[in-house]
$ cat model_6.txt   # compact mmCIF, C-alpha atoms and all ligand atoms
# COMPACT_ATOMS: atom_id res chain seq x y z
CA MET A 1 9.41 23.52 -10.71
CA THR A 2 6.91 21.77 -12.98
CA LEU A 3 5.53 18.59 -11.56
CA THR A 4 4.06 16.30 -14.20
CA ILE A 5 2.23 13.40 -12.67
CA HIS A 6 1.27 10.70 -15.14
CA GLU A 7 -1.56 8.24 -14.76
CA ALA A 8 -1.75 4.85 -16.36
CA ASP A 9 -4.37 2.57 -17.79
CA ALA A 10 -4.16 -0.88 -16.25
CA HIS A 11 -3.94 -2.63 -19.60
CA ASP A 12 -1.36 -0.38 -21.16
CA ILE A 13 1.27 1.06 -18.83
CA HIS A 14 3.41 3.30 -21.07
CA ASP A 15 7.10 4.06 -20.58
CA ASP A 16 6.17 7.63 -19.49
CA ALA A 17 4.07 6.20 -16.69
CA VAL A 18 6.89 3.89 -15.58
CA LYS A 19 9.30 6.83 -15.57
CA SER A 20 6.81 8.95 -13.60
CA TYR A 21 6.47 6.16 -10.99
CA ARG A 22 10.23 5.80 -10.66
CA ASP A 23 10.81 9.59 -10.50
CA HIS A 24 8.03 10.40 -8.06
CA GLY A 25 7.53 7.13 -6.15
CA PHE A 26 3.79 6.70 -6.87
CA ILE A 27 1.24 6.55 -9.67
CA ALA A 28 -2.51 6.07 -10.15
CA VAL A 29 -3.58 3.17 -12.35
CA ARG A 30 -7.21 3.41 -13.42
CA ASN A 31 -9.62 0.48 -13.82
CA ILE A 32 -7.28 -2.23 -12.58
CA LEU A 33 -10.51 -3.97 -11.50
CA SER A 34 -13.89 -3.82 -13.22
CA LYS A 35 -16.76 -2.24 -11.25
CA GLU A 36 -18.22 -5.75 -10.78
CA GLU A 37 -14.93 -7.05 -9.37
CA ALA A 38 -14.63 -4.03 -7.05
CA ASP A 39 -18.19 -4.64 -5.73
CA HIS A 40 -17.51 -8.35 -5.27
CA PHE A 41 -14.23 -7.78 -3.41
CA ARG A 42 -15.72 -4.95 -1.30
CA GLN A 43 -18.39 -7.34 0.02
CA ALA A 44 -15.73 -10.01 0.64
CA ALA A 45 -13.46 -7.52 2.45
CA LEU A 46 -16.28 -6.24 4.66
CA GLU A 47 -17.27 -9.81 5.59
CA VAL A 48 -13.68 -10.86 6.36
CA ALA A 49 -13.06 -7.73 8.45
CA ASP A 50 -16.30 -8.29 10.32
CA LYS A 51 -15.56 -11.87 11.34
CA SER A 52 -11.76 -11.80 11.65
CA LYS A 53 -10.23 -12.61 15.02
CA ALA A 54 -6.90 -11.17 13.87
CA ARG A 55 -8.39 -7.75 13.16
CA THR A 56 -6.97 -4.67 14.87
CA ASP A 57 -9.29 -1.73 15.38
CA SER A 58 -8.08 1.78 15.89
CA GLU A 59 -9.51 5.24 15.48
CA ILE A 60 -7.58 5.41 12.17
CA PHE A 61 -8.68 2.17 10.55
CA LYS A 62 -9.74 -1.43 10.95
CA GLN A 63 -6.84 -3.57 9.71
CA VAL A 64 -6.67 -7.26 8.81
CA VAL A 65 -3.28 -8.55 7.68
CA ASN A 66 -2.62 -11.55 5.41
CA VAL A 67 -6.23 -12.30 4.56
CA TRP A 68 -5.09 -14.22 1.47
CA ARG A 69 -4.02 -17.06 3.78
CA ASP A 70 -7.56 -17.67 5.10
CA ASP A 71 -10.08 -16.40 2.58
CA GLU A 72 -10.41 -17.69 -0.97
CA ALA A 73 -12.26 -14.61 -2.27
CA MET A 74 -9.61 -12.22 -0.97
CA LYS A 75 -6.83 -14.55 -2.11
CA ALA A 76 -8.08 -14.03 -5.67
CA LEU A 77 -7.64 -10.28 -5.19
CA THR A 78 -4.25 -10.46 -3.49
CA LEU A 79 -2.89 -12.74 -6.23
CA HIS A 80 -4.75 -10.89 -9.03
CA ASN A 81 -2.65 -11.18 -12.16
CA ALA A 82 -3.35 -7.67 -13.53
CA ILE A 83 -2.20 -6.09 -10.27
CA ALA A 84 0.97 -8.20 -10.01
CA LYS A 85 1.77 -7.51 -13.68
CA ALA A 86 1.40 -3.75 -13.21
CA ALA A 87 3.57 -3.84 -10.06
CA HIS A 88 6.26 -5.74 -11.94
CA ARG A 89 6.16 -3.35 -14.90
CA LEU A 90 6.51 -0.33 -12.58
CA ALA A 91 9.17 -1.77 -10.27
CA GLY A 92 11.03 -3.55 -13.10
CA ILE A 93 12.32 -6.36 -10.87
CA PRO A 94 11.09 -9.84 -9.86
CA LEU A 95 8.69 -9.61 -6.93
CA ARG A 96 7.35 -11.72 -4.10
CA LEU A 97 4.28 -11.01 -2.01
CA TRP A 98 5.30 -9.50 1.33
CA HIS A 99 1.79 -9.31 2.79
CA ASP A 100 -1.68 -7.98 2.12
CA GLN A 101 -4.04 -6.00 4.33
CA ILE A 102 -7.63 -4.83 4.32
CA LEU A 103 -7.85 -1.23 5.61
CA ILE A 104 -11.31 0.08 6.42
CA LYS A 105 -11.94 3.59 7.68
CA ARG A 106 -15.17 3.80 9.63
CA PRO A 107 -17.88 6.19 8.40
CA LYS A 108 -18.03 9.67 9.93
CA ASP A 109 -15.49 9.49 12.72
CA SER A 110 -12.17 7.95 11.61
CA ARG A 111 -8.93 9.88 12.06
CA PRO A 112 -6.44 10.60 9.24
CA THR A 113 -3.48 8.33 8.56
CA GLU A 114 -0.58 10.74 8.95
CA PHE A 115 2.40 11.00 6.59
CA HIS A 116 4.84 8.11 6.85
CA GLN A 117 7.10 5.82 4.82
CA ASP A 118 6.27 2.11 5.02
CA GLN A 119 9.64 0.41 4.72
CA PRO A 120 11.01 1.46 8.13
CA TYR A 121 8.16 -0.61 9.70
CA TRP A 122 9.29 -3.79 7.95
CA PRO A 123 11.97 -6.35 8.90
CA HIS A 124 13.60 -6.05 5.47
CA ALA A 125 17.26 -5.92 4.58
CA ASP A 126 18.56 -5.94 1.00
CA GLY A 127 15.20 -5.12 -0.56
CA PRO A 128 15.67 -1.66 -2.04
CA ASP A 129 12.49 -1.21 -4.03
CA PRO A 130 9.30 -2.61 -2.51
CA ILE A 131 6.01 -1.55 -4.10
CA SER A 132 2.46 -1.44 -2.71
CA ALA A 133 -0.81 -1.57 -4.62
CA TRP A 134 -3.56 0.34 -2.76
CA ILE A 135 -6.80 -0.80 -4.36
CA ALA A 136 -10.00 1.23 -3.94
CA LEU A 137 -12.93 -1.15 -3.42
CA CYS A 138 -15.36 1.79 -3.19
CA ASP A 139 -15.23 5.33 -4.56
CA VAL A 140 -12.63 7.20 -2.51
CA PRO A 141 -13.00 10.99 -2.84
CA PRO A 142 -10.89 13.22 -0.54
CA GLU A 143 -13.71 13.13 2.07
CA ARG A 144 -13.54 9.32 2.39
CA GLY A 145 -9.91 8.62 3.31
CA CYS A 146 -8.06 9.22 0.08
CA MET A 147 -4.28 9.01 -0.27
CA SER A 148 -1.75 11.85 -0.79
CA PHE A 149 1.91 11.39 -1.69
CA ILE A 150 5.10 13.47 -1.44
CA PRO A 151 6.83 13.17 -4.84
CA GLY A 152 10.47 12.08 -4.65
CA SER A 153 10.35 11.20 -0.94
CA HIS A 154 11.15 7.55 -1.84
CA ARG A 155 14.76 8.66 -2.33
CA ARG A 156 15.05 9.33 1.41
CA ARG A 157 16.59 6.04 2.55
CA ASP A 158 18.04 7.53 5.70
CA LEU A 159 14.96 8.32 7.77
CA GLN A 160 14.12 6.61 11.03
CA GLY A 161 10.62 5.13 11.37
CA GLN A 162 7.72 7.57 11.56
CA ASN A 163 4.52 7.41 13.56
CA LEU A 164 1.42 7.34 11.34
CA ARG A 165 -0.66 8.59 14.29
CA ASP A 166 1.36 11.78 14.71
CA SER A 167 0.92 14.57 12.15
CA ARG A 168 4.31 16.06 13.12
CA SER A 169 6.34 12.84 13.08
CA LEU A 170 7.67 12.79 9.48
CA PHE A 171 8.22 16.56 9.41
CA THR A 172 10.09 16.59 12.71
CA ILE A 173 12.37 13.83 11.43
CA CYS A 174 12.75 15.46 8.00
CA PRO A 175 11.84 19.19 8.06
CA ASP A 176 12.57 19.60 4.30
CA LEU A 177 9.64 17.37 3.34
CA GLU A 178 7.13 19.67 5.03
CA TRP A 179 7.59 22.18 2.20
CA SER A 180 7.49 19.69 -0.67
CA PRO A 181 4.42 19.53 -2.92
CA ARG A 182 1.83 16.89 -2.00
CA VAL A 183 -0.31 15.12 -4.56
CA THR A 184 -3.79 13.91 -3.61
CA LEU A 185 -5.26 11.15 -5.76
CA PRO A 186 -9.02 10.53 -5.45
CA LEU A 187 -9.90 7.09 -6.81
CA LYS A 188 -13.03 5.47 -8.17
CA ALA A 189 -13.88 1.91 -7.15
CA GLY A 190 -11.58 -0.41 -9.12
CA ASP A 191 -8.76 2.15 -9.50
CA CYS A 192 -5.55 1.81 -7.58
CA THR A 193 -2.39 3.65 -6.69
CA PHE A 194 1.04 2.08 -6.55
CA HIS A 195 3.58 3.54 -4.17
CA HIS A 196 7.21 2.81 -3.44
CA GLY A 197 7.86 1.48 0.08
CA ARG A 198 9.66 4.69 1.03
CA CYS A 199 7.34 7.19 -0.68
CA ALA A 200 5.77 9.24 2.13
CA HIS A 201 1.98 9.12 2.05
CA SER A 202 -1.06 9.90 4.15
CA ALA A 203 -4.82 9.37 3.99
CA THR A 204 -7.57 11.77 5.00
CA SER A 205 -10.23 10.93 7.57
CA ASN A 206 -13.53 9.50 6.41
CA ILE A 207 -16.29 12.03 7.04
CA THR A 208 -18.82 10.36 4.71
CA GLN A 209 -21.71 8.04 5.65
CA ASP A 210 -20.05 4.95 4.13
CA PRO A 211 -16.98 2.93 5.09
CA ARG A 212 -13.80 3.44 3.09
CA VAL A 213 -12.76 0.01 1.95
CA ALA A 214 -9.25 -0.47 0.56
CA HIS A 215 -7.13 -3.56 0.01
CA VAL A 216 -3.36 -3.21 -0.04
CA VAL A 217 -1.04 -5.75 -1.68
CA ILE A 218 2.62 -5.26 -0.81
CA TYR A 219 5.33 -6.73 -3.02
CA MET A 220 9.03 -6.98 -2.20
CA PRO A 221 12.06 -7.67 -4.39
CA THR A 222 13.03 -11.35 -4.45
CA THR A 223 16.41 -10.34 -2.96
CA THR A 224 14.81 -9.21 0.31
CA THR A 225 16.31 -10.79 3.45
CA TYR A 226 15.02 -10.84 7.03
CA SER A 227 16.56 -8.20 9.28
CA GLY A 228 15.44 -9.73 12.59
CA LYS A 229 13.22 -6.78 13.51
CA GLY A 230 9.84 -7.68 15.07
CA HIS A 231 6.82 -7.76 12.75
CA VAL A 232 3.41 -9.42 12.93
CA VAL A 233 4.03 -11.41 9.71
CA THR A 234 7.49 -12.76 10.53
CA ASP A 235 7.35 -13.11 14.34
CA PRO A 236 5.69 -16.58 14.25
CA LEU A 237 8.08 -17.93 11.59
CA ASN A 238 11.31 -18.32 13.59
CA LEU A 239 13.44 -16.98 10.78
CA THR A 240 17.18 -16.47 11.03
CA PRO A 241 18.31 -12.89 10.42
CA GLY A 242 19.98 -12.73 7.01
CA SER A 243 17.78 -15.48 5.51
CA LYS A 244 15.80 -14.74 2.35
CA LEU A 245 12.08 -14.05 2.69
CA GLU A 246 10.84 -16.83 0.38
CA GLY A 247 8.71 -19.98 0.36
CA GLU A 248 4.96 -20.38 0.53
CA MET A 249 4.37 -17.43 2.90
CA PHE A 250 5.98 -15.12 0.34
CA PRO A 251 4.97 -16.45 -3.09
CA LEU A 252 6.69 -15.33 -6.24
CA VAL A 253 4.12 -13.20 -8.06
CA ALA A 254 5.82 -11.65 -11.05
CA GLY A 255 9.02 -11.67 -13.05
O1 LIG A 301 -5.25 3.58 3.79
C1 LIG A 301 -4.67 4.21 4.65
O2 LIG A 301 -5.27 4.86 5.50
C2 LIG A 301 -3.18 4.22 4.69
C3 LIG A 301 -2.56 3.21 3.79
C4 LIG A 301 -1.10 3.06 3.94
O3 LIG A 301 -0.47 3.69 4.75
C5 LIG A 301 -0.42 2.11 3.06
O4 LIG A 301 -1.06 1.46 2.23
O5 LIG A 301 0.82 1.99 3.16

$ encode --input "model_6.txt" --output "structure tokens"
Amino acid sequence: MTLTIHEADAHDIHDDAVKSYRDHGFIAVRNILSKEEADHFRQAALEVADKSKARTDSEIFKQVVNVWRDDEAMKALTLHNAIAKAAHRLAGIPLRLWHDQILIKRPKDSRPTEFHQDQPYWPHADGPDPISAWIALCDVPPERGCMSFIPGSHRRRDLQGQNLRDSRSLFTICPDLEWSPRVTLPLKAGDCTFHHGRCAHSATSNITQDPRVAHVVIYMPTTTTYSGKGHVVTDPLNLTPGSKLEGEMFPLVAG
């Protein structure tokens, strides 16, 4: 089998790149932010993560969800037009913001994020093609917590939720995927990857001297309805299962 993985330039996403994203479930888009923007947003992300009361800390990463609600600097990144435009071009459908998150892997001693699909974690019904932008706010070589993807795994709609702390979880649930090729995509600051909400992915541990700072913006199709499952974003909202995820918590971003 020949696996051709395309990359895209942020300002000119060709049809080949769109096809590659839809076939494989992920793609790297270079220079979606300038180096200056990446530096600016890295400082903002580190400050927000430092002071946030809503932060969760684990041996895998420090995570702060929905920072765009409270921080103007990070809001500018979450609602960044170039990122939303690229997501819309790749997904090909109108999109709303589902949520954002800062993910920081501590220097030297963080654990890997094990292979998992995202969508089973979410309370989404009727939203077939969510897409996440994973934006590198520092250089992310394989030694600093860089992402790997399993091409084509986004077609597996049938898998129960996987545990991103357990290196055997995905492969116990779906033994076939253990023997699929994996594609590792080191990123420079300002580059990003887009991945489909069911494309299985992982991130290495950070064994470098510097934190790995990433910001993730997750978009969902405008058709997405609430399934009733518990989730940190929807739990406080008292939504009725079956209702559309819309309104000011889930702004329309593209399309
Ligand atoms: O950055 C990481 O360690 C994992 C990111 C991830 O799982 C995601 O963006 O869905």

$ residues_around --input "model_6.txt" --residues "segment 43-54 of chain A" --least-positions-apart "5" --cutoff "7 Å" --atoms "only C-alpha atoms" --output "MDAnalysis selection string"
chainID A and resid 64 73:74 102

$ write_last_selection --input "model_6.txt" --atoms "C-alpha atoms" --output "mmCIF file, in the frame of the given file"
data_model
loop_
_atom_site.group_PDB
_atom_site.id
_atom_site.type_symbol
_atom_site.label_atom_id
_atom_site.label_comp_id
_atom_site.auth_asym_id
_atom_site.auth_seq_id
_atom_site.Cartn_x
_atom_site.Cartn_y
_atom_site.Cartn_z
ATOM 1 C CA VAL A 64 -6.670 -7.260 8.810
ATOM 2 C CA ALA A 73 -12.260 -14.610 -2.270
ATOM 3 C CA MET A 74 -9.610 -12.220 -0.970
ATOM 4 C CA ILE A 102 -7.630 -4.830 4.320
#

$ residues_around --input "model_6.txt" --residues "segment 76-78 of chain A" --least-positions-apart "6" --cutoff "12 Å" --atoms "all atoms listed in the file" --output "ChimeraX atom specification"
/A:32-33,37-42,44-45,65-70,84,96-102,132-137,190,214-219,250-251,253

$ atom_distance --input "model_6.txt" --atom1 "atom CA of Asn31 of chain A" --atom2 "atom CA of Lys188 of chain A"
8.3 Å

$ atom_distance --input "model_6.txt" --atom1 "atom CA of His231 of chain A" --atom2 "atom CA of His124 of chain A"
10.1 Å

$ closest_residue --input "model_6.txt" --among "A:Val18, A:Cys146, A:Ala91, A:Leu239" --to "ligand LIG 301 (chain A)" --atoms "only C-alpha atoms and all ligand atoms"
A:Cys146

$ atom_distance --input "model_6.txt" --atom1 "atom CA of Ala17 of chain A" --atom2 "atom CA of Leu170 of chain A"
27.2 Å

$ closest_residue --input "model_6.txt" --among "A:Arg182, A:Arg165, A:His116, A:Arg155" --to "ligand LIG 301 (chain A)" --atoms "all atoms listed in the file"
A:His116

$ closest_atom_pairs --input "model_6.txt" --of "chain A" --to "ligand LIG 301 (chain A)" --cutoff "7 Å" --atoms "all atoms listed in the file" --output "tab-separated table"
residue	atom	partner	partner_atom	distance
A:Phe61	CA	A:LIG301	O2	6.7
A:Leu103	CA	A:LIG301	O1	5.8
A:Pro112	CA	A:LIG301	O2	7.0
A:Thr113	CA	A:LIG301	O2	5.0
A:Asp118	CA	A:LIG301	O5	5.8
A:Ser132	CA	A:LIG301	O4	6.7
A:Trp134	CA	A:LIG301	O4	5.7
A:Gly145	CA	A:LIG301	O2	6.4
A:Met147	CA	A:LIG301	O1	6.8
A:His201	CA	A:LIG301	O3	6.5
A:Ser202	CA	A:LIG301	C2	6.1
A:Ala203	CA	A:LIG301	O2	4.8
A:Ala214	CA	A:LIG301	O1	6.5
A:Val216	CA	A:LIG301	O4	5.7

$ closest_residue --input "model_6.txt" --among "A:Thr223, A:Thr2, A:Thr184, A:Ser148" --to "Leu252 of chain A" --atoms "all atoms listed in the file"
A:Thr223

$ closest_residue --input "model_6.txt" --among "A:Pro130, A:Pro120, A:Pro175, A:Pro181" --to "Asp158 of chain A" --atoms "all atoms listed in the file"
A:Pro120

$ residues_around --input "model_6.txt" --residues "Ile207 of chain A" --least-positions-apart "2" --cutoff "9 Å" --atoms "all atoms listed in the file" --output "mmCIF file with C-alpha atoms, in the frame of the given file"
data_model
loop_
_atom_site.group_PDB
_atom_site.id
_atom_site.type_symbol
_atom_site.label_atom_id
_atom_site.label_comp_id
_atom_site.auth_asym_id
_atom_site.auth_seq_id
_atom_site.Cartn_x
_atom_site.Cartn_y
_atom_site.Cartn_z
ATOM 1 C CA ARG A 106 -15.170 3.800 9.630
ATOM 2 C CA PRO A 107 -17.880 6.190 8.400
ATOM 3 C CA LYS A 108 -18.030 9.670 9.930
ATOM 4 C CA ASP A 109 -15.490 9.490 12.720
ATOM 5 C CA SER A 110 -12.170 7.950 11.610
ATOM 6 C CA GLU A 143 -13.710 13.130 2.070
ATOM 7 C CA ARG A 144 -13.540 9.320 2.390
ATOM 8 C CA GLY A 145 -9.910 8.620 3.310
ATOM 9 C CA THR A 204 -7.570 11.770 5.000
ATOM 10 C CA SER A 205 -10.230 10.930 7.570
ATOM 11 C CA GLN A 209 -21.710 8.040 5.650
ATOM 12 C CA ASP A 210 -20.050 4.950 4.130
#

$ closest_residue --input "model_6.txt" --among "A:His24, A:Lys75, A:His6, A:His14" --to "Ile150 of chain A" --atoms "only C-alpha atoms"
A:His24
